[in-house]
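Engineer: Sharing a structure here in structure tokens format.
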Amino acid sequence: MKPPQIARPDSALLKACARPADLGTEPLTQEQVEDLWITDREALLACYRRHLALRNFIIDRDNALRGEGGK
């Protein structure tokens, strides 16, 4: 019997998440805080979406390997 063909996820789904913004050691202005917050928020959402897509890929792949249909 041939071993199952295991699909690999797209490399974009395996990309590491961005690290939080470096706040440095000096006091920040309100504008700097807001800019850093926006940057961190965008990175967090991108990371969440990527990991959700990877999770769904693995569930679909594993279901297919077991011969189970759909999601």
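Convention: chains lettered A, B, ... in structure tokens order; per-chain residue numbering from 1; ligands numbered from 1 as shown.
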If you run DSSP on the backbone here, which positions in chain A get alpha helix (DSSP H)? Please write them as a VMD selection string.
Structural biologist: chain A and resid 30 to 65
Engineer: Please, could you write that set of residues out with N, CA, C and O atoms as a compact mmCIF listing (two decimals), in the first residue's frame?
Structural biologist:
# COMPACT_ATOMS: atom_id res chain seq x y z
N GLN A 30 1.68 61.07 22.32
CA GLN A 30 0.40 60.43 22.02
C GLN A 30 0.37 59.94 20.58
O GLN A 30 -0.09 58.85 20.29
N GLU A 31 0.89 60.75 19.67
CA GLU A 31 0.92 60.36 18.26
C GLU A 31 1.77 59.11 18.05
O GLU A 31 1.38 58.20 17.31
N GLN A 32 2.92 59.04 18.70
CA GLN A 32 3.78 57.85 18.58
C GLN A 32 3.09 56.60 19.12
O GLN A 32 3.14 55.54 18.52
N VAL A 33 2.43 56.76 20.26
CA VAL A 33 1.70 55.64 20.86
C VAL A 33 0.62 55.14 19.91
O VAL A 33 0.48 53.93 19.67
N GLU A 34 -0.12 56.07 19.32
CA GLU A 34 -1.18 55.69 18.39
C GLU A 34 -0.62 54.99 17.16
O GLU A 34 -1.18 54.00 16.69
N ASP A 35 0.47 55.52 16.60
CA ASP A 35 1.09 54.89 15.43
C ASP A 35 1.58 53.48 15.74
O ASP A 35 1.38 52.55 14.96
N LEU A 36 2.21 53.33 16.90
CA LEU A 36 2.70 52.00 17.30
C LEU A 36 1.53 51.04 17.55
O LEU A 36 1.59 49.86 17.21
N TRP A 37 0.47 51.53 18.15
CA TRP A 37 -0.71 50.71 18.41
C TRP A 37 -1.30 50.22 17.10
O TRP A 37 -1.64 49.04 16.96
N ILE A 38 -1.42 51.13 16.13
CA ILE A 38 -1.98 50.75 14.83
C ILE A 38 -1.10 49.69 14.16
O ILE A 38 -1.61 48.69 13.64
N THR A 39 0.21 49.89 14.20
CA THR A 39 1.13 48.92 13.61
C THR A 39 0.98 47.56 14.28
O THR A 39 0.89 46.53 13.60
N ASP A 40 0.94 47.54 15.61
CA ASP A 40 0.79 46.28 16.33
C ASP A 40 -0.56 45.63 16.04
O ASP A 40 -0.66 44.42 15.89
N ARG A 41 -1.59 46.42 15.98
CA ARG A 41 -2.95 45.89 15.72
C ARG A 41 -3.01 45.26 14.34
O ARG A 41 -3.58 44.18 14.18
N GLU A 42 -2.46 45.92 13.34
CA GLU A 42 -2.44 45.37 11.98
C GLU A 42 -1.67 44.05 11.94
O GLU A 42 -2.10 43.08 11.30
N ALA A 43 -0.54 44.00 12.63
CA ALA A 43 0.27 42.78 12.66
C ALA A 43 -0.48 41.66 13.38
O ALA A 43 -0.43 40.50 12.95
N LEU A 44 -1.16 41.98 14.46
CA LEU A 44 -1.92 40.98 15.19
C LEU A 44 -3.02 40.39 14.33
O LEU A 44 -3.22 39.17 14.29
N LEU A 45 -3.75 41.23 13.62
CA LEU A 45 -4.83 40.74 12.75
C LEU A 45 -4.29 39.89 11.60
O LEU A 45 -4.87 38.85 11.26
N ALA A 46 -3.17 40.31 11.02
CA ALA A 46 -2.57 39.52 9.93
C ALA A 46 -2.13 38.15 10.46
O ALA A 46 -2.34 37.12 9.80
N CYS A 47 -1.54 38.12 11.64
CA CYS A 47 -1.10 36.87 12.24
C CYS A 47 -2.30 35.97 12.53
O CYS A 47 -2.29 34.78 12.25
N TYR A 48 -3.34 36.53 13.10
CA TYR A 48 -4.56 35.76 13.40
C TYR A 48 -5.14 35.14 12.13
O TYR A 48 -5.45 33.95 12.11
N ARG A 49 -5.27 35.95 11.10
CA ARG A 49 -5.84 35.44 9.84
C ARG A 49 -4.98 34.34 9.23
O ARG A 49 -5.50 33.34 8.73
N ARG A 50 -3.67 34.51 9.29
CA ARG A 50 -2.75 33.52 8.73
C ARG A 50 -2.86 32.20 9.51
O ARG A 50 -2.92 31.12 8.93
N HIS A 51 -2.88 32.28 10.82
CA HIS A 51 -2.97 31.06 11.62
C HIS A 51 -4.33 30.40 11.51
O HIS A 51 -4.44 29.17 11.55
N LEU A 52 -5.38 31.17 11.34
CA LEU A 52 -6.71 30.60 11.10
C LEU A 52 -6.73 29.86 9.77
O LEU A 52 -7.26 28.75 9.67
N ALA A 53 -6.12 30.45 8.74
CA ALA A 53 -6.05 29.79 7.44
C ALA A 53 -5.23 28.50 7.52
O ALA A 53 -5.59 27.48 6.93
N LEU A 54 -4.13 28.52 8.27
CA LEU A 54 -3.31 27.31 8.45
C LEU A 54 -4.11 26.24 9.19
O LEU A 54 -4.09 25.07 8.81
N ARG A 55 -4.82 26.63 10.23
CA ARG A 55 -5.66 25.69 10.97
C ARG A 55 -6.68 25.04 10.05
O ARG A 55 -6.85 23.82 10.06
N ASN A 56 -7.35 25.86 9.25
CA ASN A 56 -8.36 25.32 8.34
C ASN A 56 -7.75 24.40 7.30
O ASN A 56 -8.33 23.37 6.94
N PHE A 57 -6.56 24.76 6.80
CA PHE A 57 -5.85 23.90 5.84
C PHE A 57 -5.59 22.53 6.45
O PHE A 57 -5.82 21.49 5.83
N ILE A 58 -5.09 22.51 7.68
CA ILE A 58 -4.75 21.25 8.35
C ILE A 58 -6.01 20.41 8.59
O ILE A 58 -6.01 19.19 8.36
N ILE A 59 -7.08 21.03 9.03
CA ILE A 59 -8.33 20.30 9.25
C ILE A 59 -8.81 19.69 7.94
O ILE A 59 -9.18 18.51 7.89
N ASP A 60 -8.84 20.49 6.86
CA ASP A 60 -9.30 19.98 5.56
C ASP A 60 -8.40 18.86 5.07
O ASP A 60 -8.89 17.83 4.58
N ARG A 61 -7.09 19.04 5.18
CA ARG A 61 -6.14 18.02 4.72
C ARG A 61 -6.32 16.72 5.50
O ARG A 61 -6.40 15.64 4.92
N ASP A 62 -6.42 16.83 6.82
CA ASP A 62 -6.55 15.63 7.64
C ASP A 62 -7.88 14.93 7.40
O ASP A 62 -7.94 13.70 7.40
N ASN A 63 -8.94 15.70 7.20
CA ASN A 63 -10.23 15.10 6.87
C ASN A 63 -10.14 14.33 5.55
O ASN A 63 -10.68 13.23 5.43
N ALA A 64 -9.46 14.92 4.58
CA ALA A 64 -9.30 14.25 3.28
C ALA A 64 -8.49 12.96 3.43
O ALA A 64 -8.81 11.94 2.81
N LEU A 65 -7.45 12.98 4.25
CA LEU A 65 -6.66 11.78 4.48
C LEU A 65 -7.47 10.67 5.14
O LEU A 65 -7.24 9.49 4.90
Engineer: May I have the residues within 10 Å of Pro4 (chain A) as a list in words, using only C-alpha atoms and disregarding those fewer than 3 positions away in the same chain?
Structural biologist: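 Here the qualifying residues turn out to be Met1, Ala7, Leu65 and Arg66 of chain A.
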Engineer: Residues of the last selection are to be written out with N, CA, C and O atoms, as an mmCIF file, in the first residue's frame.
Structural biologist:
data_model
loop_
_atom_site.group_PDB
_atom_site.id
_atom_site.type_symbol
_atom_site.label_atom_id
_atom_site.label_comp_id
_atom_site.auth_asym_id
_atom_site.auth_seq_id
_atom_site.Cartn_x
_atom_site.Cartn_y
_atom_site.Cartn_z
ATOM 1 N N MET A 1 0.851 -1.192 0.000
ATOM 2 C CA MET A 1 0.000 0.000 0.000
ATOM 3 C C MET A 1 0.890 1.246 0.000
ATOM 4 O O MET A 1 1.832 1.351 0.778
ATOM 5 N N ALA A 7 -0.386 16.863 1.700
ATOM 6 C CA ALA A 7 -0.215 18.194 1.110
ATOM 7 C C ALA A 7 0.511 19.104 2.089
ATOM 8 O O ALA A 7 0.309 19.045 3.297
ATOM 9 N N LEU A 65 -7.453 12.981 4.253
ATOM 10 C CA LEU A 65 -6.656 11.779 4.477
ATOM 11 C C LEU A 65 -7.465 10.675 5.144
ATOM 12 O O LEU A 65 -7.239 9.492 4.901
ATOM 13 N N ARG A 66 -8.421 11.066 5.982
ATOM 14 C CA ARG A 66 -9.275 10.083 6.648
ATOM 15 C C ARG A 66 -10.465 9.686 5.781
ATOM 16 O O ARG A 66 -11.248 8.830 6.176
#
